[in-house]
>>> print(open('target.csv').read())   # CSV, C-alpha atoms
chain,number,residue,atom,x,y,z
A,20,MET,CA,296.4,2.4,52.8
A,21,LYS,CA,293.8,1.4,50.3
A,22,LEU,CA,291.4,-1.5,50.9
A,23,ARG,CA,292.8,-3.4,48.0
A,24,GLU,CA,296.3,-3.2,49.5
A,25,VAL,CA,295.2,-4.3,53.0
A,26,LEU,CA,293.5,-7.3,51.3
A,27,ASP,CA,296.6,-8.1,49.4
A,28,ILE,CA,299.0,-8.0,52.4
A,29,ALA,CA,296.6,-10.0,54.6
A,30,LEU,CA,296.1,-12.7,51.9
A,31,GLU,CA,299.8,-12.9,51.2
A,32,ALA,CA,300.6,-13.4,54.9
A,33,GLY,CA,297.8,-16.0,55.2
A,34,GLU,CA,299.1,-17.8,52.1
A,35,ILE,CA,302.6,-18.1,53.5
A,36,LEU,CA,301.3,-19.4,56.8
A,37,LEU,CA,299.0,-22.0,55.2
A,38,ARG,CA,301.6,-23.1,52.6
A,39,ASN,CA,304.0,-23.8,55.4
A,40,GLY,CA,301.7,-25.9,57.5
A,41,ALA,CA,300.3,-23.5,60.2
A,42,GLU,CA,297.2,-24.4,62.0
A,43,THR,CA,293.9,-23.1,60.7
A,44,TYR,CA,293.1,-20.9,63.7
A,45,ARG,CA,296.5,-19.3,63.5
A,46,VAL,CA,296.0,-18.3,59.9
A,47,GLU,CA,292.6,-16.8,60.6
A,48,GLU,CA,294.0,-15.0,63.7
A,49,SER,CA,296.9,-13.5,61.8
A,50,ILE,CA,294.7,-12.3,58.9
A,51,THR,CA,292.2,-10.7,61.3
A,52,LYS,CA,295.1,-9.1,63.2
A,53,ILE,CA,296.6,-7.5,60.0
A,54,CYS,CA,293.2,-6.2,58.8
A,55,ASN,CA,292.3,-4.8,62.2
A,56,ALA,CA,295.7,-3.1,62.4
A,57,TYR,CA,294.7,-1.0,59.5
A,58,GLY,CA,291.3,-0.3,61.0
A,59,HIS,CA,289.3,-2.6,58.8
A,60,PRO,CA,286.9,-5.3,60.0
A,61,CYS,CA,287.1,-8.5,58.0
A,62,GLU,CA,285.7,-12.0,57.6
A,63,ALA,CA,288.0,-14.9,56.7
A,64,ILE,CA,287.3,-18.5,56.0
A,65,VAL,CA,290.4,-20.6,55.9
A,66,LEU,CA,290.4,-24.2,54.5
A,67,PRO,CA,293.5,-26.3,54.0
A,68,THR,CA,293.1,-25.8,50.2
A,69,GLY,CA,292.3,-22.1,50.1
A,70,ILE,CA,291.6,-18.8,51.8
A,71,PHE,CA,288.4,-16.7,51.3
A,72,LEU,CA,288.7,-13.1,52.7
A,73,THR,CA,286.5,-10.1,52.6
A,74,VAL,CA,287.7,-6.7,54.0
A,75,TYR,CA,285.2,-4.0,54.9
A,76,SER,CA,285.8,-0.3,55.1
A,77,SER,CA,283.9,2.1,57.3
A,78,GLU,CA,281.8,3.4,54.3
A,79,TYR,CA,280.3,-0.1,53.8
A,80,GLU,CA,282.5,-0.8,50.8
A,81,SER,CA,284.1,-4.2,50.7
A,82,GLU,CA,286.7,-6.1,48.7
A,83,THR,CA,286.8,-9.9,48.4
A,84,SER,CA,289.5,-12.2,47.2
A,85,VAL,CA,290.2,-15.9,47.1
A,86,ARG,CA,293.6,-17.7,47.1
A,87,ARG,CA,293.9,-21.4,46.1
A,88,ILE,CA,296.7,-23.3,47.9
A,89,LYS,CA,297.9,-26.5,46.2
A,90,VAL,CA,301.2,-27.6,47.8
A,91,ARG,CA,301.7,-27.7,51.6
A,92,THR,CA,304.9,-28.4,53.5
A,93,LEU,CA,306.0,-27.9,57.1
A,94,ASP,CA,308.4,-25.0,57.7
A,95,LEU,CA,308.4,-23.7,61.2
A,96,THR,CA,310.7,-20.7,60.6
A,97,LYS,CA,308.3,-19.1,58.2
A,98,ILE,CA,305.4,-19.6,60.5
A,99,ASP,CA,307.4,-17.9,63.3
A,100,ARG,CA,308.4,-15.0,61.0
A,101,VAL,CA,304.8,-14.3,59.7
A,102,ASN,CA,303.5,-14.6,63.3
A,103,SER,CA,305.9,-11.9,64.5
A,104,PHE,CA,305.2,-9.8,61.4
A,105,SER,CA,301.5,-9.8,62.2
A,106,ARG,CA,302.2,-8.9,65.8
A,107,LYS,CA,304.6,-6.1,64.8
A,108,ILE,CA,302.0,-4.6,62.4
A,109,THR,CA,299.5,-4.1,65.2
A,110,TYR,CA,301.9,-1.9,67.1
A,111,ASN,CA,303.3,0.2,64.3
A,112,THR,CA,301.5,0.0,60.9
A,113,MET,CA,303.8,0.1,57.9
A,114,SER,CA,303.2,1.2,54.4
A,115,TYR,CA,302.2,-1.2,51.6
A,116,GLU,CA,305.7,-1.3,50.1
A,117,GLU,CA,307.4,-2.0,53.4
A,118,ALA,CA,305.0,-4.8,54.3
A,119,ARG,CA,305.2,-6.3,50.8
A,120,LYS,CA,309.0,-6.2,51.0
A,121,GLU,CA,309.0,-7.9,54.4
A,122,LEU,CA,306.7,-10.7,53.2
A,123,GLU,CA,308.9,-11.2,50.1
A,124,GLY,CA,311.9,-11.6,52.4
A,125,ILE,CA,310.0,-14.2,54.5
A,126,LYS,CA,309.1,-16.1,51.4
A,127,ALA,CA,312.7,-16.2,50.2
A,128,LEU,CA,314.0,-17.8,53.4
A,129,LYS,CA,315.9,-21.0,52.6
A,130,PHE,CA,315.8,-24.5,54.0
A,131,TYR,CA,318.9,-26.0,55.6
A,132,PRO,CA,321.4,-27.1,52.9
A,133,VAL,CA,320.8,-30.6,51.4
A,134,PRO,CA,323.7,-32.3,53.1
A,135,VAL,CA,322.6,-31.2,56.6
A,136,GLN,CA,319.0,-32.4,55.8
A,137,LEU,CA,320.4,-35.7,54.5
A,138,ILE,CA,322.4,-36.3,57.6
A,139,SER,CA,319.6,-35.5,59.9
A,140,SER,CA,317.1,-37.7,58.0
A,141,MET,CA,319.6,-40.5,58.3
A,142,SER,CA,320.0,-39.9,62.0
A,143,VAL,CA,316.3,-39.9,62.5
A,144,SER,CA,316.0,-43.4,61.1
A,145,PHE,CA,319.0,-44.5,63.2
A,146,ALA,CA,317.6,-43.1,66.4
A,147,TYR,CA,314.2,-44.6,65.9
A,148,ALA,CA,315.5,-48.0,65.0
A,149,LEU,CA,317.2,-48.1,68.4
A,150,ILE,CA,314.2,-46.5,70.2
A,151,PHE,CA,311.9,-49.3,68.8
A,152,GLY,CA,314.3,-51.8,70.3
A,153,GLY,CA,316.4,-52.8,67.3
A,154,LYS,CA,320.0,-53.8,67.3
A,155,ILE,CA,322.9,-51.7,66.1
A,156,THR,CA,322.9,-53.5,62.8
A,157,ASP,CA,319.2,-52.6,62.3
A,158,GLY,CA,320.1,-49.0,63.1
A,159,VAL,CA,322.9,-48.9,60.5
A,160,ILE,CA,320.6,-50.4,57.7
A,161,ALA,CA,317.9,-47.9,58.6
A,162,PHE,CA,320.5,-45.2,58.5
A,163,ALA,CA,321.4,-46.1,54.9
A,164,ILE,CA,317.7,-46.5,53.8
A,165,GLY,CA,317.0,-43.1,55.4
A,166,ALA,CA,319.5,-41.5,53.0
A,167,LEU,CA,318.0,-43.3,50.0
A,168,LEU,CA,314.4,-42.3,50.9
A,169,TYR,CA,315.4,-38.7,51.5
A,170,LEU,CA,317.0,-38.5,48.1
A,171,LEU,CA,314.1,-40.2,46.5
A,172,ASN,CA,311.7,-37.8,48.2
A,173,LEU,CA,313.8,-34.8,47.0
A,174,TYR,CA,313.9,-36.1,43.4
A,175,MET,CA,310.2,-37.0,43.2
A,176,ALA,CA,309.0,-33.7,44.8
A,177,LYS,CA,311.1,-31.8,42.3
A,178,SER,CA,309.7,-33.7,39.3
A,179,GLY,CA,306.2,-32.9,40.5
A,180,TYR,CA,304.6,-36.3,40.9
A,181,PHE,CA,301.5,-36.3,43.0
A,182,PRO,CA,302.2,-37.0,46.6
A,183,PHE,CA,300.5,-40.3,47.1
A,184,LEU,CA,302.5,-41.9,44.3
A,185,MET,CA,305.6,-40.6,46.0
A,186,TYR,CA,304.5,-42.2,49.3
A,187,PHE,CA,303.8,-45.5,47.5
A,188,VAL,CA,307.2,-45.6,45.9
A,189,ILE,CA,308.9,-44.7,49.2
A,190,GLY,CA,307.0,-47.4,51.1
A,191,PHE,CA,307.9,-49.9,48.3
A,192,SER,CA,311.6,-49.2,48.3
A,193,SER,CA,311.8,-49.2,52.1
A,194,GLY,CA,310.0,-52.5,52.3
A,195,PHE,CA,312.0,-54.1,49.5
A,196,ILE,CA,315.5,-53.1,50.8
A,197,SER,CA,314.5,-54.1,54.4
A,198,MET,CA,313.3,-57.5,53.4
A,199,ILE,CA,316.5,-58.2,51.3
A,200,SER,CA,318.7,-57.0,54.1
A,201,GLU,CA,316.9,-59.2,56.6
A,202,LEU,CA,317.8,-62.2,54.3
A,203,LEU,CA,321.4,-61.2,53.9
A,204,ILE,CA,322.2,-60.1,57.4
A,205,PRO,CA,321.7,-62.5,60.3
A,206,ASN,CA,319.2,-61.6,63.1
A,207,GLY,CA,318.0,-58.4,61.4
A,208,ASN,CA,314.4,-57.3,62.0
A,209,ALA,CA,312.7,-56.1,58.8
A,210,TYR,CA,309.7,-54.7,60.7
A,211,ILE,CA,311.8,-52.3,62.8
A,212,ILE,CA,313.9,-51.3,59.9
A,213,ILE,CA,310.8,-50.4,57.8
A,214,ILE,CA,309.0,-48.4,60.5
A,215,SER,CA,312.2,-46.5,61.5
A,216,SER,CA,313.1,-45.6,57.9
A,217,ILE,CA,309.6,-44.3,57.0
A,218,ILE,CA,309.0,-42.6,60.3
A,219,MET,CA,309.3,-39.1,58.9
A,220,PHE,CA,306.7,-39.9,56.2
A,221,LEU,CA,304.1,-41.4,58.6
A,222,PRO,CA,301.3,-38.9,59.2
A,223,GLY,CA,301.3,-39.0,63.0
A,224,VAL,CA,301.6,-35.2,63.3
A,225,ALA,CA,299.0,-34.7,60.5
A,226,MET,CA,296.5,-36.9,62.4
A,227,THR,CA,297.0,-35.0,65.6
A,228,ASN,CA,296.7,-31.6,63.8
A,229,GLY,CA,293.5,-32.8,62.2
A,230,ILE,CA,291.9,-33.7,65.5
A,231,ARG,CA,293.2,-30.4,66.9
A,232,ASP,CA,291.3,-28.6,64.2
A,233,LEU,CA,288.2,-30.6,64.8
A,234,LEU,CA,288.4,-29.8,68.5
A,235,ALA,CA,288.8,-26.1,67.7
A,236,SER,CA,285.6,-26.5,65.6
A,237,ASP,CA,287.4,-25.9,62.3
A,238,THR,CA,285.5,-28.9,61.1
A,239,ILE,CA,286.1,-28.9,57.4
A,240,SER,CA,289.9,-28.4,57.9
A,241,GLY,CA,290.0,-31.1,60.4
A,242,LEU,CA,288.3,-33.7,58.3
A,243,THR,CA,290.4,-32.7,55.2
A,244,ARG,CA,293.6,-33.2,57.2
A,245,LEU,CA,292.4,-36.5,58.6
A,246,GLY,CA,291.5,-37.7,55.2
A,247,GLU,CA,294.8,-36.7,53.8
A,248,ALA,CA,296.6,-38.5,56.7
A,249,PHE,CA,294.5,-41.7,56.0
A,250,LEU,CA,295.4,-41.7,52.3
A,251,THR,CA,299.1,-41.1,53.2
A,252,VAL,CA,299.3,-44.0,55.5
A,253,LEU,CA,297.3,-46.2,53.1
A,254,ALA,CA,299.8,-45.4,50.3
A,255,LEU,CA,302.8,-46.1,52.5
A,256,GLY,CA,301.3,-49.3,53.9
A,257,MET,CA,300.3,-50.6,50.5
A,258,GLY,CA,303.8,-49.9,49.1
A,259,VAL,CA,305.4,-51.8,51.9
A,260,TRP,CA,303.0,-54.7,51.6
A,261,LEU,CA,303.5,-55.0,47.9
A,262,ALA,CA,307.3,-55.1,48.5
A,263,ILE,CA,306.9,-57.9,51.1
A,264,LEU,CA,304.7,-59.9,48.7
A,265,THR,CA,307.2,-59.4,45.9
A,266,VAL,CA,310.2,-60.6,48.0
A,267,HIS,CA,308.2,-63.6,49.2
A,268,TYR,CA,307.3,-64.4,45.6
A,269,ILE,CA,310.9,-64.2,44.4
A,270,ILE,CA,312.3,-66.5,47.1
B,11,MET,CA,321.0,-42.7,79.4
B,12,SER,CA,321.2,-43.9,75.9
B,13,ARG,CA,317.4,-43.4,75.6
B,14,ILE,CA,317.8,-39.8,76.6
B,15,ILE,CA,320.4,-39.2,73.8
B,16,LEU,CA,318.3,-41.2,71.3
B,17,SER,CA,315.1,-39.3,72.1
B,18,PHE,CA,317.0,-36.0,71.9
B,19,LEU,CA,318.3,-37.0,68.4
B,20,GLY,CA,314.8,-38.3,67.6
B,21,SER,CA,313.3,-34.8,67.9
B,22,LEU,CA,316.3,-32.6,67.1
B,23,CYS,CA,316.7,-34.2,63.6
B,24,PRO,CA,313.0,-33.8,62.7
B,25,ALA,CA,313.3,-30.2,63.8
B,26,VAL,CA,316.1,-29.7,61.3
B,27,LEU,CA,313.9,-31.3,58.6
B,28,LEU,CA,311.0,-29.0,59.6
B,29,ASN,CA,313.4,-26.1,59.2
B,30,THR,CA,313.5,-24.8,62.8
B,31,GLU,CA,315.8,-21.9,63.3
B,32,ARG,CA,319.3,-22.7,64.4
B,33,LYS,CA,319.0,-20.8,67.7
B,34,ASN,CA,315.9,-22.8,68.7
B,35,LEU,CA,317.1,-26.3,67.6
B,36,ILE,CA,318.6,-27.4,71.0
B,37,TRP,CA,315.4,-26.4,72.8
B,38,ALA,CA,313.2,-28.2,70.3
B,39,GLY,CA,315.3,-31.4,70.8
B,40,LEU,CA,315.0,-31.0,74.6
B,41,SER,CA,311.2,-30.8,74.3
B,42,GLY,CA,311.1,-34.3,72.7
B,43,THR,CA,313.4,-35.7,75.4
B,44,LEU,CA,311.2,-34.4,78.1
B,45,GLY,CA,308.0,-35.9,76.6
B,46,MET,CA,309.7,-39.2,76.1
B,47,LEU,CA,311.1,-39.3,79.6
B,48,ILE,CA,307.7,-38.7,81.3
B,49,ASN,CA,306.1,-41.2,78.9
B,50,ASP,CA,308.7,-43.8,79.9
B,51,ARG,CA,308.5,-43.0,83.6
B,52,ILE,CA,304.7,-43.4,83.7
B,53,LEU,CA,304.9,-46.6,81.7
B,54,ALA,CA,307.5,-48.0,84.1
B,55,MET,CA,305.4,-47.1,87.2
B,56,PHE,CA,302.0,-48.3,85.8
B,57,PRO,CA,302.2,-50.9,83.1
B,58,ASN,CA,299.4,-51.2,80.6
B,59,THR,CA,298.6,-47.5,80.7
B,60,ALA,CA,300.1,-46.5,77.3
B,61,LEU,CA,297.3,-44.0,76.7
B,62,LEU,CA,297.7,-42.3,80.1
B,63,ALA,CA,301.5,-42.1,79.5
B,64,VAL,CA,301.0,-40.5,76.1
B,65,PHE,CA,298.6,-37.9,77.6
B,66,PHE,CA,300.9,-36.9,80.4
B,67,GLY,CA,303.9,-36.9,78.0
B,68,THR,CA,302.1,-34.5,75.7
B,69,ALA,CA,300.9,-32.3,78.5
B,70,THR,CA,304.5,-32.0,79.7
B,71,VAL,CA,305.7,-31.1,76.2
B,72,ALA,CA,302.9,-28.6,75.8
B,73,VAL,CA,303.7,-26.8,79.1
B,74,TYR,CA,307.4,-26.8,78.2
B,75,SER,CA,306.6,-25.3,74.8
B,76,GLU,CA,304.4,-22.6,76.2
B,77,LEU,CA,307.0,-21.6,78.7
B,78,MET,CA,309.8,-21.6,76.1
B,79,ALA,CA,307.6,-19.6,73.8
B,80,ARG,CA,307.4,-16.9,76.5
B,81,VAL,CA,311.2,-17.1,77.1
B,82,ARG,CA,312.3,-17.2,73.5
B,83,LYS,CA,309.6,-15.0,72.0
B,84,THR,CA,308.4,-17.5,69.3
B,85,PRO,CA,305.1,-19.3,68.8
B,86,ALA,CA,304.8,-22.5,70.9
B,87,THR,CA,304.4,-24.6,67.8
B,88,ILE,CA,308.2,-24.3,67.2
B,89,PHE,CA,308.8,-26.5,70.2
B,90,LEU,CA,305.5,-28.4,70.2
B,91,ILE,CA,305.7,-30.2,66.8
B,92,PRO,CA,309.2,-31.6,67.2
B,93,GLY,CA,308.4,-32.5,70.8
B,94,ILE,CA,305.3,-34.7,70.0
B,95,ILE,CA,307.1,-36.5,67.1
B,96,PRO,CA,308.2,-39.4,69.4
B,97,LEU,CA,304.7,-39.7,70.9
B,98,VAL,CA,302.4,-39.5,67.8
B,99,PRO,CA,300.7,-42.7,66.7
B,100,GLY,CA,302.2,-42.8,63.1
B,101,VAL,CA,303.5,-46.3,63.7
B,102,ASP,CA,300.2,-47.5,65.0
B,103,ALA,CA,298.4,-46.2,62.0
B,104,TYR,CA,300.9,-47.9,59.7
B,105,ARG,CA,300.6,-51.2,61.6
B,106,THR,CA,296.8,-51.0,61.2
B,107,ILE,CA,297.1,-50.9,57.4
B,108,GLN,CA,299.7,-53.6,57.4
B,109,LEU,CA,297.5,-55.9,59.5
B,110,ILE,CA,294.5,-55.3,57.3
B,111,ALA,CA,296.6,-56.2,54.3
B,112,GLU,CA,297.5,-59.5,56.1
B,113,ARG,CA,293.8,-60.1,56.9
B,114,ASP,CA,294.3,-60.1,60.7
B,115,TYR,CA,291.3,-57.9,61.4
B,116,PRO,CA,290.9,-58.2,65.2
B,117,THR,CA,294.5,-57.1,65.8
B,118,ALA,CA,294.2,-54.4,63.2
B,119,MET,CA,291.1,-53.1,65.0
B,120,SER,CA,293.0,-52.8,68.3
B,121,TYR,CA,295.8,-50.9,66.6
B,122,ALA,CA,293.3,-48.6,64.9
B,123,VAL,CA,291.6,-47.8,68.2
B,124,SER,CA,294.9,-47.2,69.8
B,125,ALA,CA,296.0,-44.9,67.0
B,126,VAL,CA,292.8,-42.8,67.1
B,127,ALA,CA,292.8,-42.7,70.9
B,128,LYS,CA,296.4,-41.6,71.1
B,129,ALA,CA,295.8,-38.9,68.4
B,130,CYS,CA,292.7,-37.6,70.3
B,131,LEU,CA,294.6,-37.6,73.6
B,132,ILE,CA,297.6,-35.7,72.2
B,133,ALA,CA,295.3,-33.1,70.6
B,134,PHE,CA,293.3,-32.8,73.8
B,135,GLY,CA,296.4,-32.4,75.9
B,136,ILE,CA,297.8,-29.7,73.7
B,137,MET,CA,294.5,-27.8,73.5
B,138,THR,CA,293.9,-28.0,77.3
B,139,VAL,CA,297.3,-26.6,78.1
B,140,SER,CA,297.2,-23.9,75.5
B,141,ALA,CA,293.7,-22.8,76.8
B,142,VAL,CA,295.0,-22.6,80.3
B,143,PHE,CA,298.0,-20.5,79.2
B,144,ARG,CA,295.8,-18.2,77.1
B,145,LYS,CA,293.5,-17.6,80.1
B,146,ILE,CA,296.5,-16.8,82.4
B,147,ASN,CA,297.9,-14.5,79.7
B,148,ARG,CA,294.6,-12.6,79.3
B,149,SER,CA,294.0,-12.1,83.0
B,150,LYS,CA,297.6,-10.8,83.5
B,151,LYS,CA,297.1,-8.3,80.7
B,152,HIS,CA,293.8,-7.3,82.2
B,153,VAL,CA,295.4,-6.5,85.6
B,154,SER,CA,298.4,-4.6,84.2
B,155,GLY,CA,296.3,-2.7,81.6
B,156,PRO,CA,295.1,0.8,82.1
>>> encode(input="target.csv", output="structure tokens")
Amino acid sequence: MKLREVLDIALEAGEILLRNGAETYRVEESITKICNAYGHPCEAIVLPTGIFLTVYSSEYESETSVRRIKVRTLDLTKIDRVNSFSRKITYNTMSYEEARKELEGIKALKFYPVPVQLISSMSVSFAYALIFGGKITDGVIAFAIGALLYLLNLYMAKSGYFPFLMYFVIGFSSGFISMISELLIPNGNAYIIIISSIIMFLPGVAMTNGIRDLLASDTISGLTRLGEAFLTVLALGMGVWLAILTVHYII
Amino acid sequence: MSRIILSFLGSLCPAVLLNTERKNLIWAGLSGTLGMLINDRILAMFPNTALLAVFFGTATVAVYSELMARVRKTPATIFLIPGIIPLVPGVDAYRTIQLIAERDYPTAMSYAVSAVAKACLIAFGIMTVSAVFRKINRSKKHVSGP
């Protein structure tokens, strides 16, 4: 296999991993594994926003390439598949076309259908409303708001707004509906409804992953992730706060 | 009992949203239940030790994930991320912003400290457990190798 092709396969695998929310060390490890499987040493720098990779051959030639990554989501199945792909390739190396085809197959894997995701995002809100000590009525309202927020998220992600506007709108609608329902329904608790309906958007896992990167001395990645988590929670919090102010102003 | 079911739902459904494979879904849900149970148990035994409870909850989830990763031949992340969702300090971080907006700075500060400390402890718990498992794995390979 040519140097160019090794570079292409390794970058493609790295891009799928990074795009779907793998940890930085896993991306670097997988890229190194793939290059070493074809007998080439390599140097990789992985940031949350891009991959830099140089592959060397034995004759001191080298090829370098850069990939920019803009959108990142979390998709555990794709991480799993690329991980086992990179492990498989160390035991029996495949040709360029084979590897390329396998990666295209991984890329084309689908999410769960929208109704299943809708129901599970509603159930998340319901479950957390009860875990945080709300009553059944709080749970039912959170259940309904969960559906609305999921559809809103789906629509806004498709229309390509920048993520922080999306979080702001999500926070605002959650806060607004919760405050209104607290007024209409006796002994409701708006605070519990709000936190349980936005629980899937709160960056708890992102914060933890950021600190994990820092501890693994991927300093730049860690700080980037922490900054992103901070902005996310800021956008959500400001959205909710504005909604609460609006409701107080109206009444 | 209701708490077991709720915490199971509370990490099974995020696992669906994170697109875990169907055959791993139940095990991802169980990982969250386990973490939550340990967390609750420690909180019940020693009140005012929220940070300690989170640390041991995470350590349990991490051990479970590493073991399941060996059994089911997937990376540990598949069980780890859904498992820590009930423990991560997303709500604390949100509460901090909310209290700053309401100009209650002392309480906001205590929530911020708790959020950062919890995130650090969770990360530290995960890293420690995975380091130990890596070490065990390597020494096993070393013995059985040629």
>>> closest_residue(input="target.csv", among="B:Ser140, B:Ser21, B:Ser124, B:Thr68", to="Trp37 (chain B)", atoms="only C-alpha atoms")
B:Ser21
>>> atom_distance(input="target.csv", atom1="CA of Ile199 (chain A)", atom2="CA of Met175 (chain A)")
23.6 Å
>>> closest_atom_pairs(input="target.csv", of="chain A", to="chain B", cutoff="7 Å", atoms="only C-alpha atoms", output="CSV")
residue,atom,partner,partner_atom,distance
A:Leu93,CA,B:Leu28,CA,5.7
A:Asp94,CA,B:Leu28,CA,5.1
A:Leu95,CA,B:Thr30,CA,5.5
A:Thr96,CA,B:Thr30,CA,5.4
A:Asp99,CA,B:Thr84,CA,6.1
A:Phe130,CA,B:Asn29,CA,5.9
A:Tyr131,CA,B:Asn29,CA,6.6
A:Gln136,CA,B:Leu27,CA,5.9
A:Ser139,CA,B:Cys23,CA,4.9
A:Ser140,CA,B:Cys23,CA,6.6
A:Ser142,CA,B:Cys23,CA,6.8
A:Val143,CA,B:Gly20,CA,5.6
A:Ala146,CA,B:Leu16,CA,5.3
A:Tyr147,CA,B:Gly20,CA,6.6
A:Ile150,CA,B:Leu16,CA,6.8
A:Ile214,CA,B:Val101,CA,6.7
A:Leu221,CA,B:Gly100,CA,5.1
A:Pro222,CA,B:Gly100,CA,5.6
A:Gly223,CA,B:Gly100,CA,3.9
A:Val224,CA,B:Val98,CA,6.3
A:Met226,CA,B:Ala129,CA,6.4
A:Thr227,CA,B:Ala129,CA,4.9
A:Ile230,CA,B:Ala133,CA,6.2
A:Arg231,CA,B:Ala133,CA,5.0
A:Val252,CA,B:Tyr104,CA,6.0
A:Leu253,CA,B:Ile107,CA,6.4
A:Gly256,CA,B:Ile107,CA,5.7
A:Trp260,CA,B:Gln108,CA,6.8
>>> atom_distance(input="target.csv", atom1="CA of Arg45 (chain A)", atom2="CA of Ser84 (chain A)")
19.1 Å
>>> residues_around(input="target.csv", residues="Leu255 (chain A)", least_positions_apart="6", cutoff="6 Å", atoms="all atoms listed in the file", output="number ranges by chain")
A: 186-187, 190
>>> write_last_selection(input="target.csv", atoms="C-alpha atoms", output="short mmCIF file (atom, residue, chain, number, x, y, z; two decimals), in the frame of the given file")
data_model
loop_
_atom_site.label_atom_id
_atom_site.label_comp_id
_atom_site.auth_asym_id
_atom_site.auth_seq_id
_atom_site.Cartn_x
_atom_site.Cartn_y
_atom_site.Cartn_z
CA TYR A 186 304.50 -42.20 49.30
CA PHE A 187 303.80 -45.50 47.50
CA GLY A 190 307.00 -47.40 51.10
#
>>> atom_distance(input="target.csv", atom1="CA of Glu247 (chain A)", atom2="CA of Gly40 (chain A)")
13.3 Å
>>> residues_around(input="target.csv", residues="Thr243 (chain A)", least_positions_apart="2", cutoff="10 Å", atoms="all atoms listed in the file", output="PDB file with C-alpha atoms, in the frame of the given file")
ATOM      1  CA  LEU A  66     290.400 -24.200  54.500  1.00  0.00           C
ATOM      2  CA  PRO A  67     293.500 -26.300  54.000  1.00  0.00           C
ATOM      3  CA  THR A  68     293.100 -25.800  50.200  1.00  0.00           C
ATOM      4  CA  GLY A 229     293.500 -32.800  62.200  1.00  0.00           C
ATOM      5  CA  ASP A 232     291.300 -28.600  64.200  1.00  0.00           C
ATOM      6  CA  THR A 238     285.500 -28.900  61.100  1.00  0.00           C
ATOM      7  CA  ILE A 239     286.100 -28.900  57.400  1.00  0.00           C
ATOM      8  CA  SER A 240     289.900 -28.400  57.900  1.00  0.00           C
ATOM      9  CA  GLY A 241     290.000 -31.100  60.400  1.00  0.00           C
ATOM     10  CA  LEU A 245     292.400 -36.500  58.600  1.00  0.00           C
ATOM     11  CA  GLY A 246     291.500 -37.700  55.200  1.00  0.00           C
ATOM     12  CA  GLU A 247     294.800 -36.700  53.800  1.00  0.00           C
ATOM     13  CA  ALA A 248     296.600 -38.500  56.700  1.00  0.00           C
ATOM     14  CA  PHE A 249     294.500 -41.700  56.000  1.00  0.00           C
TER      15      PHE A 249
END
>>> residues_around(input="target.csv", residues="Lys52 (chain A)", least_positions_apart="4", cutoff="12 Å", atoms="only C-alpha atoms", output="VMD selection string")
chain A and resid 25 28 to 30 32 to 33 44 to 48 56 to 63 101 to 110 112
>>> closest_residue(input="target.csv", among="A:Ile64, A:Arg91, A:Leu264, A:Ser144", to="Arg244 (chain A)", atoms="all atoms listed in the file")
A:Arg91
